[in-house]
2 protein chains.
Amino acid sequence: MSTESRIWTAALVVVGDEILSGRTQDKNIAQVATWLGVQGIRLREVRVVPDDVDAIIEAVNTLRARNDYLFTTGGIGPTHDDITVDAVAAALGVGVVIHPKARAILESYYATRGGLNDARLRMARVPDGADLIENRVSGAPGIRAGNVFLMAGVPGITAQMLDSLTGQLEGGLPLLSTTIGCWVAESEIADLLRETEKAFEGVQIGSYPFFREGRTGANFVIRSVSNEQLGACAAELERGLDALGRAPVAGGI
Amino acid sequence: MSTESRIWTAALVVVGDEILSGRTQDKNIAQVATWLGVQGIRLREVRVVPDDVDAIIEAVNTLRARNDYLFTTGGIGPTHDDITVDAVAAALGVGVVIHPKARAILESYYATRGGLNDARLRMARVPDGADLIENRVSGAPGIRAGNVFLMAGVPGITAQMLDSLTGQLEGGLPLLSTTIGCWVAESEIADLLRETEKAFEGVQIGSYPFFREGRTGANFVIRSVSNEQLGACAAELERGLDALGRAPVAGGI
């Protein structure tokens with residue numbers, strides 16, 4: 001691994017009263033995180049904020065300043081509670097305009113669906129100067145404003161927008177990972193985990209315990225940008241578990 | 001509804017590289033959110049931060065200052081990557097001590113499980129002055145330090161800790177909700193939603209669209225602390241949908 005390789009980072013702001021009320025189980029965090037990993041970009045922080053302009057502005061301005069990219073999900077639809085475009089425009093200090101191409105996309109999409117009304121036209125509003133992110137499912141596009149990417153709240157639509165962005169964003173070396181499982185209480189092998197991690201520079205080992213069928217086990221997730229370091233660390237951990245009489249399970253349990 | 005009733009708020013810090021990598025689908029946000037709602041406490045913000053002491057300190061100090069309660073999940077186990085106790089102690093400006101009762105609980109729990117070793121004793125460490133939150137599943141307790149509540153990362157264990165806390169925290173009026181579904185594009189009835197919300201003080205209507213079996217629909221979630229306002233607003237929205245020839249579905253679709 002080259003130690004001077006730059007690490008690219010992103011943050012995510014999930015706009016959603018429905019997540020904070022517990023009504024809806026969020027799916028976008030895992031989806032955006034996984035997609036970013038493939039692009040060689042690390043998700044560094046997520047904030048879930050209410051449908052409140054000031055809360056969105058604060059989160060957007062803090063996180064866009066300290067990451068290469070900032071994503072938002074939610075609040076870009078046609079109804080009164082969709083306020084993300086206004087909040088991001090305010091955060092960027094620009095106005096809100098109707099994007100002509102977005103308007104044309106919506107006109108075409110709704111031509112056979114009752115026509116473009118005022119509510120639907122709201123989905124053509126973007127922060128001044130922004131570009132569109134294509135969405136093949138529902139017409140309404142996502143929005144790119146500087147390093148801020150506004151995506152839908154509905155996970156299936158966000159998936160389409162991420163697909164449109166695939167390969168478009170500069171990233172660094174992807175963080176690789178491998179998992180070793182073991183039927184052992186993590187508290188029995190804490191020393192082994194710490195010592196093994198220490199022996200391999202730039203490698204992290206996460207320990208994720210579980211209880212299944214009355215038995216205690218754990219998965220150890222090893223992460224590195226270097227396949228070589230990853231493989232060597234995994235082999236060392238497997239040897240250590242074997243030496244303690246605890247059979248490692250490659251790939252995890 | 002009494003307009004002078006105080007609103008109690010909470011925030012949640014999810015400590016977890018495994019969530020940010022996309023490997024693990026978070027379950028604790030919805031679980032904590034739902035539990036808080038029953039206690040009459042509103043979840044105002046969630047931050048997912050990496051296993052990094054400085055990141056945890058920043059999130060804890062920002063959020064505990066502006067909410068009545070702050071919860072954390074993750075990072076209180078026995079291994080090297082469990083750093084939440086140290087980070088919260090640093091955020092509070094106190095040292096870390098072994099809690100005698102936690103030590104006794106762990107000694108008893110591990111008496112028939114190989115005994116208390118150094119790694120397991122880590123789970124008795126608390127910010128100085130903290131109290132314990134009982135956990136009937138795995139021995140290791142949760143921790144209450146001032147208005148900060150440290151819970152496990154494993155959702156089943158967090159559930160036990162929340163159960164121990166039920167009825168212990170002062171809250172206000174619970175935010176009540178009711179849902180009305182409709183096979184309609186939300187963009188067709190955006191005016192109705194906005195006008196109906198405006199007509200009922202202290203009521204919010206959230207619109208959550210979906211696509212199922214090739215059809216467009218939406219659920220409208222009405223929230224209020226007053227059952228009377230909630231019922232009146234729901235009835236008004238149902239009348240409005242009926243008037244547009246769109247059958248409302250009580251309880252949602």
# chains A, B, ... in the order shown; residues from 1 in each chain; ligands from 1
$ interface_residues --of "chain A" --to "chain B" --cutoff "7 Å" --atoms "only C-alpha atoms" --output "list in words"
Ile19, Leu20, Ser21, Gly22, Gln25, Ala30, Gln31, Ala33, Thr34, Gly37, Leu43, Arg44, Glu45, Val46, Arg47, Val48, Val49, Pro50, Pro78, Thr79, His80, Asp81, Ala119, Arg120, Glu186, Ser187, Ala190, Arg194 and Gly206 of chain A
$ residues_around --residues "Val203 (chain B)" --least-positions-apart "6" --cutoff "9 Å" --atoms "only C-alpha atoms" --output "PyMOL selection string"
chain B and resi 197+222-226+229-230+233
$ write_last_selection --atoms "C-alpha atoms" --output "PDB file, in the first residue's frame"
ATOM      1  CA  GLU B 197     -52.100  20.801   7.781  1.00  0.00           C
ATOM      2  CA  ILE B 222     -50.649  12.867  10.830  1.00  0.00           C
ATOM      3  CA  ARG B 223     -48.880  13.746  14.114  1.00  0.00           C
ATOM      4  CA  SER B 224     -50.075  15.715  17.133  1.00  0.00           C
ATOM      5  CA  VAL B 225     -49.902  15.572  20.932  1.00  0.00           C
ATOM      6  CA  SER B 226     -53.707  15.979  20.990  1.00  0.00           C
ATOM      7  CA  GLN B 229     -56.693  17.499  16.887  1.00  0.00           C
ATOM      8  CA  LEU B 230     -55.411  14.253  15.385  1.00  0.00           C
ATOM      9  CA  CYS B 233     -57.407  16.515  11.034  1.00  0.00           C
TER      10      CYS B 233
END
$ select_by_dssp --residues "region 51-193 of chain B" --states "strand (DSSP E)" --output "list in words"
Tyr69, Leu70, Phe71, Thr72, Thr73, Val96, Val97, Ile98, Arg125, Val126, Pro127, Asp131, Leu132, Ile133, Gly142, Ile143, Arg144, Ala145, Val148, Phe149, Leu150, Met151, Leu176, Ser177, Thr178, Thr179, Ile180, Gly181 and Cys182 of chain B
$ write_last_selection --atoms "C-alpha atoms" --output "PDB file, in the first residue's frame"
ATOM      1  CA  TYR B  69     -31.247  13.164  27.035  1.00  0.00           C
ATOM      2  CA  LEU B  70     -28.491  11.692  24.905  1.00  0.00           C
ATOM      3  CA  PHE B  71     -28.237   8.007  24.053  1.00  0.00           C
ATOM      4  CA  THR B  72     -25.271   6.197  22.545  1.00  0.00           C
ATOM      5  CA  THR B  73     -25.245   2.706  21.057  1.00  0.00           C
ATOM      6  CA  VAL B  96     -12.807   6.371  34.061  1.00  0.00           C
ATOM      7  CA  VAL B  97     -13.247   4.110  37.101  1.00  0.00           C
ATOM      8  CA  ILE B  98     -14.221   0.498  37.766  1.00  0.00           C
ATOM      9  CA  ARG B 125     -15.376   0.668  33.451  1.00  0.00           C
ATOM     10  CA  VAL B 126     -17.626   3.745  33.659  1.00  0.00           C
ATOM     11  CA  PRO B 127     -17.212   7.526  33.611  1.00  0.00           C
ATOM     12  CA  ASP B 131     -24.837   4.684  37.457  1.00  0.00           C
ATOM     13  CA  LEU B 132     -25.606   1.321  35.869  1.00  0.00           C
ATOM     14  CA  ILE B 133     -28.453   0.290  33.556  1.00  0.00           C
ATOM     15  CA  GLY B 142     -25.396  -0.163  30.332  1.00  0.00           C
ATOM     16  CA  ILE B 143     -24.290   3.126  31.866  1.00  0.00           C
ATOM     17  CA  ARG B 144     -25.990   6.378  32.824  1.00  0.00           C
ATOM     18  CA  ALA B 145     -23.620   9.334  33.185  1.00  0.00           C
ATOM     19  CA  VAL B 148     -25.952  10.460  28.752  1.00  0.00           C
ATOM     20  CA  PHE B 149     -27.093   6.842  28.418  1.00  0.00           C
ATOM     21  CA  LEU B 150     -24.595   4.328  27.021  1.00  0.00           C
ATOM     22  CA  MET B 151     -26.245   1.289  25.453  1.00  0.00           C
ATOM     23  CA  LEU B 176     -49.519  10.620  18.678  1.00  0.00           C
ATOM     24  CA  SER B 177     -49.923   9.634  15.059  1.00  0.00           C
ATOM     25  CA  THR B 178     -52.434   8.164  12.680  1.00  0.00           C
ATOM     26  CA  THR B 179     -52.005   7.113   9.073  1.00  0.00           C
ATOM     27  CA  ILE B 180     -54.269   7.449   6.059  1.00  0.00           C
ATOM     28  CA  GLY B 181     -53.292   5.687   2.843  1.00  0.00           C
ATOM     29  CA  CYS B 182     -54.510   6.388  -0.662  1.00  0.00           C
TER      30      CYS B 182
END
$ atom_distance --atom1 "CA of Arg239 (chain A)" --atom2 "CA of Gly74 (chain B)"
28.1 Å
$ closest_residue --among "B:Gly171, B:Gln39, B:Asp68, B:Asp86" --to "Asp54 (chain B)" --atoms "only C-alpha atoms"
B:Asp86
$ residues_around --residues "Gly172 (chain A)" --least-positions-apart "2" --cutoff "7 Å" --atoms "only C-alpha atoms" --output "list in words"
Arg6, Ile7, Trp8, Gly40, Ile41 and Pro174 of chain A
$ select_by_dssp --residues "region 15-253 of chain A" --states "helix (DSSP H, G or I)" --output "PyMOL selection string"
chain A and resi 17-20+28-39+53-65+84-92+100-110+118-124+155-165+186-188+190-199+227-243
$ atom_distance --atom1 "CA of Glu228 (chain A)" --atom2 "CA of Phe200 (chain A)"
10.5 Å
$ atom_distance --atom1 "CA of Ala218 (chain B)" --atom2 "CA of Ala89 (chain A)"
27.0 Å
